[in-house]
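Engineer: Pasting input.json here (JSON, N, CA and C atoms):
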```
[["chain", "number", "residue", "atom", "x", "y", "z"],
["A", 266, "MET", "N", 140.31, -256.92, 126.09],
["A", 266, "MET", "CA", 139.83, -255.93, 125.16],
["A", 266, "MET", "C", 140.91, -255.57, 124.16],
["A", 267, "GLU", "N", 142.14, -255.61, 124.55],
["A", 267, "GLU", "CA", 143.23, -255.26, 123.64],
["A", 267, "GLU", "C", 143.31, -256.26, 122.49],
["A", 268, "ASN", "N", 143.09, -257.54, 122.76],
["A", 268, "ASN", "CA", 143.08, -258.53, 121.69],
["A", 268, "ASN", "C", 141.97, -258.26, 120.70],
["A", 269, "THR", "N", 140.82, -257.82, 121.18],
["A", 269, "THR", "CA", 139.71, -257.52, 120.29],
["A", 269, "THR", "C", 140.07, -256.39, 119.34],
["A", 270, "LEU", "N", 140.72, -255.36, 119.85],
["A", 270, "LEU", "CA", 141.13, -254.25, 119.00],
["A", 270, "LEU", "C", 142.18, -254.70, 117.99],
["A", 271, "GLN", "N", 143.12, -255.50, 118.41],
["A", 271, "GLN", "CA", 144.13, -256.01, 117.48],
["A", 271, "GLN", "C", 143.49, -256.88, 116.41],
["A", 272, "ASP", "N", 142.54, -257.74, 116.78],
["A", 272, "ASP", "CA", 141.85, -258.58, 115.81],
["A", 272, "ASP", "C", 141.08, -257.72, 114.81],
["A", 273, "TYR", "N", 140.44, -256.68, 115.32],
["A", 273, "TYR", "CA", 139.64, -255.81, 114.46],
["A", 273, "TYR", "C", 140.54, -255.05, 113.48],
["A", 274, "LEU", "N", 141.65, -254.50, 113.98],
["A", 274, "LEU", "CA", 142.52, -253.71, 113.13],
["A", 274, "LEU", "C", 143.30, -254.57, 112.14],
["A", 275, "SER", "N", 143.45, -255.85, 112.43],
["A", 275, "SER", "CA", 144.17, -256.72, 111.51],
["A", 275, "SER", "C", 143.32, -257.14, 110.31],
["A", 276, "LYS", "N", 142.01, -256.94, 110.39],
["A", 276, "LYS", "CA", 141.13, -257.27, 109.27],
["A", 276, "LYS", "C", 141.35, -256.26, 108.14],
["A", 277, "PRO", "N", 141.09, -256.68, 106.91],
["A", 277, "PRO", "CA", 141.23, -255.73, 105.79],
["A", 277, "PRO", "C", 140.25, -254.56, 105.93],
["A", 278, "GLY", "N", 140.76, -253.36, 105.84],
["A", 278, "GLY", "CA", 139.93, -252.17, 105.95],
["A", 278, "GLY", "C", 139.64, -251.74, 107.38],
["A", 279, "GLY", "N", 140.16, -252.44, 108.36],
["A", 279, "GLY", "CA", 139.88, -252.11, 109.77],
["A", 279, "GLY", "C", 140.43, -250.77, 110.18],
["A", 280, "ILE", "N", 141.67, -250.49, 109.79],
["A", 280, "ILE", "CA", 142.29, -249.22, 110.18],
["A", 280, "ILE", "C", 141.64, -248.06, 109.43],
["A", 281, "LEU", "N", 141.25, -248.29, 108.19],
["A", 281, "LEU", "CA", 140.57, -247.25, 107.42],
["A", 281, "LEU", "C", 139.22, -246.90, 108.06],
["A", 282, "PHE", "N", 138.50, -247.92, 108.49],
["A", 282, "PHE", "CA", 137.23, -247.71, 109.16],
["A", 282, "PHE", "C", 137.43, -246.91, 110.44],
["A", 283, "LEU", "N", 138.47, -247.22, 111.19],
["A", 283, "LEU", "CA", 138.76, -246.51, 112.42],
["A", 283, "LEU", "C", 139.09, -245.05, 112.13],
["A", 284, "ILE", "N", 139.88, -244.81, 111.10],
["A", 284, "ILE", "CA", 140.26, -243.44, 110.74],
["A", 284, "ILE", "C", 139.03, -242.64, 110.30],
["A", 285, "LEU", "N", 138.10, -243.26, 109.64],
["A", 285, "LEU", "CA", 136.88, -242.57, 109.22],
["A", 285, "LEU", "C", 135.90, -242.36, 110.37],
["A", 286, "MET", "N", 135.87, -243.27, 111.32],
["A", 286, "MET", "CA", 134.90, -243.18, 112.41],
["A", 286, "MET", "C", 135.28, -242.16, 113.47],
["A", 287, "ILE", "N", 136.56, -241.91, 113.67],
["A", 287, "ILE", "CA", 136.97, -240.95, 114.70],
["A", 287, "ILE", "C", 136.44, -239.55, 114.39],
["A", 288, "PRO", "N", 136.64, -239.00, 113.17],
["A", 288, "PRO", "CA", 136.07, -237.67, 112.91],
["A", 288, "PRO", "C", 134.53, -237.68, 112.89],
["A", 289, "LEU", "N", 133.94, -238.76, 112.41],
["A", 289, "LEU", "CA", 132.48, -238.82, 112.39],
["A", 289, "LEU", "C", 131.90, -238.81, 113.80],
["A", 290, "SER", "N", 132.49, -239.59, 114.69],
["A", 290, "SER", "CA", 132.00, -239.59, 116.07],
["A", 290, "SER", "C", 132.28, -238.25, 116.74],
["A", 291, "GLY", "N", 133.42, -237.63, 116.40],
["A", 291, "GLY", "CA", 133.72, -236.30, 116.93],
["A", 291, "GLY", "C", 132.69, -235.27, 116.46],
["A", 292, "LEU", "N", 132.28, -235.37, 115.20],
["A", 292, "LEU", "CA", 131.26, -234.45, 114.68],
["A", 292, "LEU", "C", 129.93, -234.66, 115.38],
["A", 293, "ILE", "N", 129.56, -235.91, 115.61],
["A", 293, "ILE", "CA", 128.28, -236.20, 116.28],
["A", 293, "ILE", "C", 128.30, -235.71, 117.72],
["A", 294, "ILE", "N", 129.35, -236.02, 118.46],
["A", 294, "ILE", "CA", 129.42, -235.64, 119.87],
["A", 294, "ILE", "C", 129.58, -234.12, 120.01],
["A", 295, "GLY", "N", 130.44, -233.52, 119.20],
["A", 295, "GLY", "CA", 130.60, -232.07, 119.25],
["A", 295, "GLY", "C", 129.34, -231.34, 118.81],
["A", 296, "GLY", "N", 128.67, -231.86, 117.78],
["A", 296, "GLY", "CA", 127.42, -231.26, 117.33],
["A", 296, "GLY", "C", 126.33, -231.35, 118.39],
["A", 297, "LEU", "N", 126.25, -232.48, 119.06],
["A", 297, "LEU", "CA", 125.28, -232.61, 120.16],
["A", 297, "LEU", "C", 125.57, -231.64, 121.28],
["A", 298, "ALA", "N", 126.84, -231.47, 121.62],
["A", 298, "ALA", "CA", 127.21, -230.55, 122.70],
["A", 298, "ALA", "C", 126.84, -229.12, 122.31],
["A", 299, "ARG", "N", 127.10, -228.74, 121.07],
["A", 299, "ARG", "CA", 126.75, -227.38, 120.63],
["A", 299, "ARG", "C", 125.25, -227.19, 120.55],
["A", 300, "TRP", "N", 124.51, -228.25, 120.22],
["A", 300, "TRP", "CA", 123.06, -228.17, 120.14],
["A", 300, "TRP", "C", 122.43, -228.08, 121.53],
["A", 301, "ILE", "N", 123.00, -228.79, 122.51],
["A", 301, "ILE", "CA", 122.46, -228.79, 123.87],
["A", 301, "ILE", "C", 122.71, -227.46, 124.56],
["A", 302, "MET", "N", 123.92, -226.89, 124.38],
["A", 302, "MET", "CA", 124.27, -225.65, 125.06],
["A", 302, "MET", "C", 123.81, -224.46, 124.21],
["A", 303, "PRO", "N", 122.85, -223.68, 124.72],
["A", 303, "PRO", "CA", 122.32, -222.58, 123.92],
["A", 303, "PRO", "C", 123.31, -221.43, 123.80],
["A", 304, "GLY", "N", 123.04, -220.58, 122.82],
["A", 304, "GLY", "CA", 123.86, -219.39, 122.63],
["A", 304, "GLY", "C", 124.68, -219.47, 121.36],
["A", 305, "PRO", "N", 125.06, -218.30, 120.86],
["A", 305, "PRO", "CA", 125.86, -218.26, 119.63],
["A", 305, "PRO", "C", 127.28, -218.76, 119.89],
["A", 306, "ASP", "N", 127.77, -219.49, 118.95],
["A", 306, "ASP", "CA", 129.12, -220.02, 119.10],
["A", 306, "ASP", "C", 129.76, -220.12, 117.72],
["A", 307, "PRO", "N", 130.57, -219.13, 117.34],
["A", 307, "PRO", "CA", 131.21, -219.19, 116.02],
["A", 307, "PRO", "C", 132.31, -220.24, 116.01],
["A", 308, "MET", "N", 131.99, -221.39, 115.48],
["A", 308, "MET", "CA", 132.94, -222.50, 115.46],
["A", 308, "MET", "C", 132.76, -223.25, 114.15],
["A", 309, "SER", "N", 133.87, -223.53, 113.49],
["A", 309, "SER", "CA", 133.82, -224.25, 112.22],
["A", 309, "SER", "C", 133.53, -225.73, 112.46],
["A", 310, "ILE", "N", 133.28, -226.44, 111.38],
["A", 310, "ILE", "CA", 133.03, -227.88, 111.48],
["A", 310, "ILE", "C", 134.28, -228.60, 112.00],
["A", 311, "GLY", "N", 135.44, -228.17, 111.56],
["A", 311, "GLY", "CA", 136.69, -228.78, 112.04],
["A", 311, "GLY", "C", 136.87, -228.62, 113.54],
["A", 312, "LYS", "N", 136.54, -227.43, 114.04],
["A", 312, "LYS", "CA", 136.65, -227.20, 115.48],
["A", 312, "LYS", "C", 135.59, -227.99, 116.24],
["A", 313, "THR", "N", 134.42, -228.16, 115.63],
["A", 313, "THR", "CA", 133.38, -228.99, 116.26],
["A", 313, "THR", "C", 133.84, -230.44, 116.36],
["A", 314, "ILE", "N", 134.49, -230.93, 115.31],
["A", 314, "ILE", "CA", 135.02, -232.30, 115.33],
["A", 314, "ILE", "C", 136.08, -232.44, 116.41],
["A", 315, "LEU", "N", 136.98, -231.46, 116.50],
["A", 315, "LEU", "CA", 138.01, -231.50, 117.55],
["A", 315, "LEU", "C", 137.40, -231.42, 118.94],
["A", 316, "LEU", "N", 136.35, -230.61, 119.10],
["A", 316, "LEU", "CA", 135.64, -230.53, 120.37],
["A", 316, "LEU", "C", 135.04, -231.89, 120.74],
["A", 317, "GLY", "N", 134.44, -232.56, 119.77],
["A", 317, "GLY", "CA", 133.85, -233.88, 120.02],
["A", 317, "GLY", "C", 134.89, -234.93, 120.35],
["A", 318, "ILE", "N", 136.03, -234.90, 119.65],
["A", 318, "ILE", "CA", 137.10, -235.87, 119.94],
["A", 318, "ILE", "C", 137.67, -235.63, 121.34],
["A", 319, "ALA", "N", 137.89, -234.36, 121.68],
["A", 319, "ALA", "CA", 138.41, -234.05, 123.02],
["A", 319, "ALA", "C", 137.38, -234.39, 124.10],
["A", 320, "GLY", "N", 136.10, -234.13, 123.82],
["A", 320, "GLY", "CA", 135.05, -234.50, 124.77],
["A", 320, "GLY", "C", 134.95, -236.00, 124.95],
["A", 321, "SER", "N", 135.16, -236.75, 123.88],
["A", 321, "SER", "CA", 135.16, -238.21, 123.98],
["A", 321, "SER", "C", 136.31, -238.68, 124.85],
["A", 322, "PHE", "N", 137.44, -238.03, 124.71],
["A", 322, "PHE", "CA", 138.60, -238.39, 125.53],
["A", 322, "PHE", "C", 138.32, -238.11, 127.01],
["A", 323, "VAL", "N", 137.78, -236.92, 127.30],
["A", 323, "VAL", "CA", 137.47, -236.57, 128.69],
["A", 323, "VAL", "C", 136.41, -237.52, 129.25],
["A", 324, "GLY", "N", 135.36, -237.76, 128.48],
["A", 324, "GLY", "CA", 134.31, -238.68, 128.93],
["A", 324, "GLY", "C", 134.82, -240.09, 129.11],
["A", 325, "GLY", "N", 135.73, -240.52, 128.24],
["A", 325, "GLY", "CA", 136.33, -241.85, 128.38],
["A", 325, "GLY", "C", 137.17, -241.97, 129.64],
["A", 326, "LEU", "N", 137.87, -240.88, 129.99],
["A", 326, "LEU", "CA", 138.65, -240.90, 131.23],
["A", 326, "LEU", "C", 137.74, -241.00, 132.45],
["A", 327, "VAL", "N", 136.65, -240.25, 132.44],
["A", 327, "VAL", "CA", 135.69, -240.32, 133.55],
["A", 327, "VAL", "C", 135.06, -241.71, 133.62],
["A", 328, "ALA", "N", 134.74, -242.27, 132.47],
["A", 328, "ALA", "CA", 134.17, -243.63, 132.44],
["A", 328, "ALA", "C", 135.17, -244.64, 132.99],
["A", 329, "ALA", "N", 136.44, -244.46, 132.67],
["A", 329, "ALA", "CA", 137.46, -245.38, 133.18],
["A", 329, "ALA", "C", 137.59, -245.25, 134.69],
["A", 330, "ILE", "N", 137.46, -244.04, 135.21],
["A", 330, "ILE", "CA", 137.54, -243.84, 136.66],
["A", 330, "ILE", "C", 136.39, -244.59, 137.35],
["A", 331, "PHE", "N", 135.19, -244.53, 136.75],
["A", 331, "PHE", "CA", 134.04, -245.24, 137.32],
["A", 331, "PHE", "C", 133.93, -246.68, 136.84],
["A", 332, "ARG", "N", 134.93, -247.14, 136.11],
["A", 332, "ARG", "CA", 135.01, -248.51, 135.61],
["A", 332, "ARG", "C", 133.80, -248.88, 134.75],
["A", 333, "LEU", "N", 133.41, -247.95, 133.88],
["A", 333, "LEU", "CA", 132.33, -248.21, 132.93],
["A", 333, "LEU", "C", 132.96, -248.58, 131.59],
["A", 334, "SER", "N", 132.60, -249.73, 131.08],
["A", 334, "SER", "CA", 133.14, -250.19, 129.81],
["A", 334, "SER", "C", 132.19, -249.79, 128.68],
["A", 335, "PRO", "N", 132.73, -249.33, 127.55],
["A", 335, "PRO", "CA", 131.85, -248.99, 126.43],
["A", 335, "PRO", "C", 131.09, -250.19, 125.87],
["A", 336, "THR", "N", 131.60, -251.38, 126.09],
["A", 336, "THR", "CA", 130.89, -252.55, 125.58],
["A", 336, "THR", "C", 129.74, -252.97, 126.48],
["A", 337, "THR", "N", 129.87, -252.75, 127.79],
["A", 337, "THR", "CA", 128.80, -253.15, 128.71],
["A", 337, "THR", "C", 127.86, -252.00, 129.04],
["A", 338, "HIS", "N", 128.32, -250.77, 129.00],
["A", 338, "HIS", "CA", 127.51, -249.59, 129.33],
["A", 338, "HIS", "C", 127.65, -248.52, 128.24],
["A", 339, "PRO", "N", 127.28, -248.81, 127.00],
["A", 339, "PRO", "CA", 127.51, -247.84, 125.93],
["A", 339, "PRO", "C", 126.73, -246.54, 126.09],
["A", 340, "PHE", "N", 125.51, -246.62, 126.62],
["A", 340, "PHE", "CA", 124.70, -245.41, 126.79],
["A", 340, "PHE", "C", 125.33, -244.45, 127.77],
["A", 341, "TRP", "N", 125.79, -244.97, 128.92],
["A", 341, "TRP", "CA", 126.37, -244.11, 129.94],
["A", 341, "TRP", "C", 127.70, -243.52, 129.48],
["A", 342, "VAL", "N", 128.48, -244.30, 128.77],
["A", 342, "VAL", "CA", 129.75, -243.79, 128.26],
["A", 342, "VAL", "C", 129.49, -242.71, 127.23],
["A", 343, "PHE", "N", 128.49, -242.90, 126.38],
["A", 343, "PHE", "CA", 128.13, -241.88, 125.40],
["A", 343, "PHE", "C", 127.70, -240.59, 126.08],
["A", 344, "LEU", "N", 126.89, -240.70, 127.14],
["A", 344, "LEU", "CA", 126.47, -239.51, 127.89],
["A", 344, "LEU", "C", 127.67, -238.81, 128.53],
["A", 345, "LEU", "N", 128.62, -239.58, 129.04],
["A", 345, "LEU", "CA", 129.82, -238.98, 129.62],
["A", 345, "LEU", "C", 130.65, -238.28, 128.54],
["A", 346, "GLU", "N", 130.71, -238.84, 127.35],
["A", 346, "GLU", "CA", 131.46, -238.22, 126.26],
["A", 346, "GLU", "C", 130.82, -236.89, 125.85],
["A", 347, "VAL", "N", 129.49, -236.87, 125.74],
["A", 347, "VAL", "CA", 128.81, -235.62, 125.42],
["A", 347, "VAL", "C", 128.98, -234.63, 126.56],
["A", 348, "GLY", "N", 128.92, -235.12, 127.80],
["A", 348, "GLY", "CA", 129.15, -234.25, 128.95],
["A", 348, "GLY", "C", 130.56, -233.66, 128.96],
["A", 349, "GLY", "N", 131.54, -234.45, 128.57],
["A", 349, "GLY", "CA", 132.91, -233.94, 128.47],
["A", 349, "GLY", "C", 133.01, -232.85, 127.42],
["A", 350, "ALA", "N", 132.32, -233.03, 126.30],
["A", 350, "ALA", "CA", 132.31, -232.01, 125.25],
["A", 350, "ALA", "C", 131.59, -230.75, 125.74],
["A", 351, "LEU", "N", 130.53, -230.91, 126.53],
["A", 351, "LEU", "CA", 129.84, -229.75, 127.09],
["A", 351, "LEU", "C", 130.74, -228.96, 128.04],
["A", 352, "VAL", "N", 131.48, -229.67, 128.87],
["A", 352, "VAL", "CA", 132.40, -229.00, 129.80],
["A", 352, "VAL", "C", 133.47, -228.23, 129.01],
["A", 353, "LEU", "N", 134.02, -228.86, 127.98],
["A", 353, "LEU", "CA", 135.04, -228.19, 127.17],
["A", 353, "LEU", "C", 134.46, -227.00, 126.42],
["A", 354, "LEU", "N", 133.23, -227.13, 125.92],
["A", 354, "LEU", "CA", 132.58, -226.02, 125.23],
["A", 354, "LEU", "C", 132.34, -224.85, 126.19],
["A", 355, "ALA", "N", 131.92, -225.15, 127.41],
["A", 355, "ALA", "CA", 131.73, -224.10, 128.41],
["A", 355, "ALA", "C", 133.06, -223.41, 128.73],
["A", 356, "ALA", "N", 134.14, -224.19, 128.80],
["A", 356, "ALA", "CA", 135.45, -223.60, 129.06],
["A", 356, "ALA", "C", 135.90, -222.71, 127.91],
["A", 357, "VAL", "N", 135.64, -223.13, 126.68],
["A", 357, "VAL", "CA", 136.00, -222.32, 125.52],
["A", 357, "VAL", "C", 135.21, -221.02, 125.52],
["A", 358, "ARG", "N", 133.93, -221.09, 125.79],
["A", 358, "ARG", "CA", 133.10, -219.88, 125.83],
["A", 358, "ARG", "C", 133.55, -218.94, 126.94],
["A", 359, "HIS", "N", 133.85, -219.50, 128.10],
["A", 359, "HIS", "CA", 134.32, -218.67, 129.21],
["A", 359, "HIS", "C", 135.65, -218.00, 128.85],
["A", 360, "ARG", "N", 136.53, -218.75, 128.23],
["A", 360, "ARG", "CA", 137.83, -218.20, 127.82],
["A", 360, "ARG", "C", 137.66, -217.08, 126.81],
["A", 361, "ARG", "N", 136.76, -217.27, 125.86],
["A", 361, "ARG", "CA", 136.51, -216.23, 124.86],
["A", 361, "ARG", "C", 135.92, -214.98, 125.50],
["A", 362, "LYS", "N", 135.02, -215.17, 126.47],
["A", 362, "LYS", "CA", 134.39, -214.03, 127.13],
["A", 362, "LYS", "C", 135.40, -213.25, 127.96],
["A", 363, "THR", "N", 136.25, -213.95, 128.71],
["A", 363, "THR", "CA", 137.23, -213.25, 129.53],
["A", 363, "THR", "C", 138.32, -212.62, 128.67],
["A", 364, "ALA", "N", 138.68, -213.25, 127.57],
["A", 364, "ALA", "CA", 139.67, -212.66, 126.68],
["A", 364, "ALA", "C", 139.09, -211.41, 126.03],
["A", 365, "GLY", "N", 137.80, -211.43, 125.72],
["A", 365, "GLY", "CA", 137.15, -210.24, 125.16],
["A", 365, "GLY", "C", 137.10, -209.10, 126.16],
["A", 366, "ASN", "N", 136.87, -209.41, 127.44],
["A", 366, "ASN", "CA", 136.85, -208.37, 128.47],
["A", 366, "ASN", "C", 138.23, -207.78, 128.71],
["A", 367, "LEU", "N", 139.26, -208.59, 128.59],
["A", 367, "LEU", "CA", 140.61, -208.08, 128.79],
["A", 367, "LEU", "C", 141.01, -207.13, 127.67],
["A", 368, "ARG", "N", 140.51, -207.35, 126.49],
["A", 368, "ARG", "CA", 140.84, -206.47, 125.37],
["A", 368, "ARG", "C", 140.19, -205.11, 125.52],
["A", 369, "LEU", "N", 139.05, -205.05, 126.20],
["A", 369, "LEU", "CA", 138.34, -203.78, 126.34],
["A", 369, "LEU", "C", 138.98, -202.87, 127.38],
["A", 370, "ARG", "N", 139.76, -203.41, 128.26],
["A", 370, "ARG", "CA", 140.36, -202.59, 129.34],
["A", 370, "ARG", "C", 141.51, -201.80, 128.87]]
```
Can you turn what I pasted into structure tokens?

Structural biologist:
Amino acid sequence: MENTLQDYLSKPGGILFLILMIPLSGLIIGGLARWIMPGPDPMSIGKTILLGIAGSFVGGLVAAIFRLSPTTHPFWVFLLEVGGALVLLAAVRHRRKTAGNLRLR
């Protein structure tokens, strides 16, 4: 798989495509996580992109633990990435709620 990535990045425009796709995929995954989890969530587009990128990283780690390859099991890896973003979004909401309660005391 490493050779495939090197071959892809060595093509003209390969690195530019990668740089453009990372925020776009982060926006899609973070947006899906925010859409699935109900409730108000004041978060900018930039934070949504970061949430999606971090969720992709968490989901990718879980996929690696279960030895799921994105090329052979793209649907399951995508679900794990969205699930990772959901877990991170729940942690952010919990942190905001507990931080708000601490301020009131």

Engineer: Return as number ranges by chain the full set of residues in chain A whose backbone-based DSSP assignment is alpha helix (DSSP H).

Structural biologist: A: 267-275, 279-301, 310-330, 339-369

Engineer: Counting only C-alpha atoms, give me one row per residue of range 269-310 of chain A with an atom at most 12 Å from an atom of range 339-360 of chain A, showing the shortest contact pair and its distance in Å to one decimal, sorted by chain then residue number, as a Markdown table.

Structural biologist:
```
| residue | atom | partner | partner_atom | distance |
| --- | --- | --- | --- | --- |
| A:Ser290 | CA | A:Glu346 | CA | 10.3 |
| A:Gly291 | CA | A:Ala350 | CA | 9.5 |
| A:Leu292 | CA | A:Ala350 | CA | 10.9 |
| A:Ile293 | CA | A:Val347 | CA | 9.2 |
| A:Ile294 | CA | A:Val347 | CA | 5.6 |
| A:Gly295 | CA | A:Ala350 | CA | 6.2 |
| A:Gly296 | CA | A:Val347 | CA | 9.3 |
| A:Leu297 | CA | A:Val347 | CA | 7.0 |
| A:Ala298 | CA | A:Leu351 | CA | 5.2 |
| A:Arg299 | CA | A:Leu351 | CA | 7.5 |
| A:Trp300 | CA | A:Leu351 | CA | 9.8 |
| A:Ile301 | CA | A:Leu351 | CA | 8.1 |
| A:Met302 | CA | A:Leu351 | CA | 7.2 |
| A:Pro303 | CA | A:Ala355 | CA | 10.5 |
| A:Gly304 | CA | A:Arg358 | CA | 9.8 |
| A:Pro305 | CA | A:Arg358 | CA | 9.7 |
| A:Asp306 | CA | A:Arg358 | CA | 7.8 |
| A:Pro307 | CA | A:Arg358 | CA | 10.0 |
| A:Met308 | CA | A:Leu354 | CA | 10.4 |
```

Engineer: Would you mind reading off the distance between CA of Leu285 in chain A and CA of Leu326 in chain A, one decimal, in Å?

Structural biologist: 22.1 Å

Engineer: Figure out the distance between CA of Pro335 in chain A and CA of Ser309 in chain A, please, to one decimal in Å.

Structural biologist: 28.6 Å

Engineer: Please indicate the distance in Å from CA of Pro288 in chain A to CA of Leu315 in chain A, rounded to one decimal place.

Structural biologist: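 That distance, rounded to one decimal, is 8.0 Å.
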
Engineer: Taking only C-alpha atoms into account, which of A:Leu281, A:Leu333, A:Val323, A:Leu289 comes nearest Ile310 in chain A?

Structural biologist: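 Ranking A:Leu281, A:Leu333, A:Val323, A:Leu289 by distance to Ile310 in chain A, first place goes to A:Leu289.
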
Engineer: Let me have the centre and edge lengths in Å, one decimal, of the box along x, y and z around every listed atom of range 332-346 of chain A with 8 Å of margin on each side, as JSON.

Structural biologist:
```
{"center_x": 129.9, "center_y": -245.0, "center_z": 130.8, "size_x": 26.3, "size_y": 32.3, "size_z": 26.7}
```
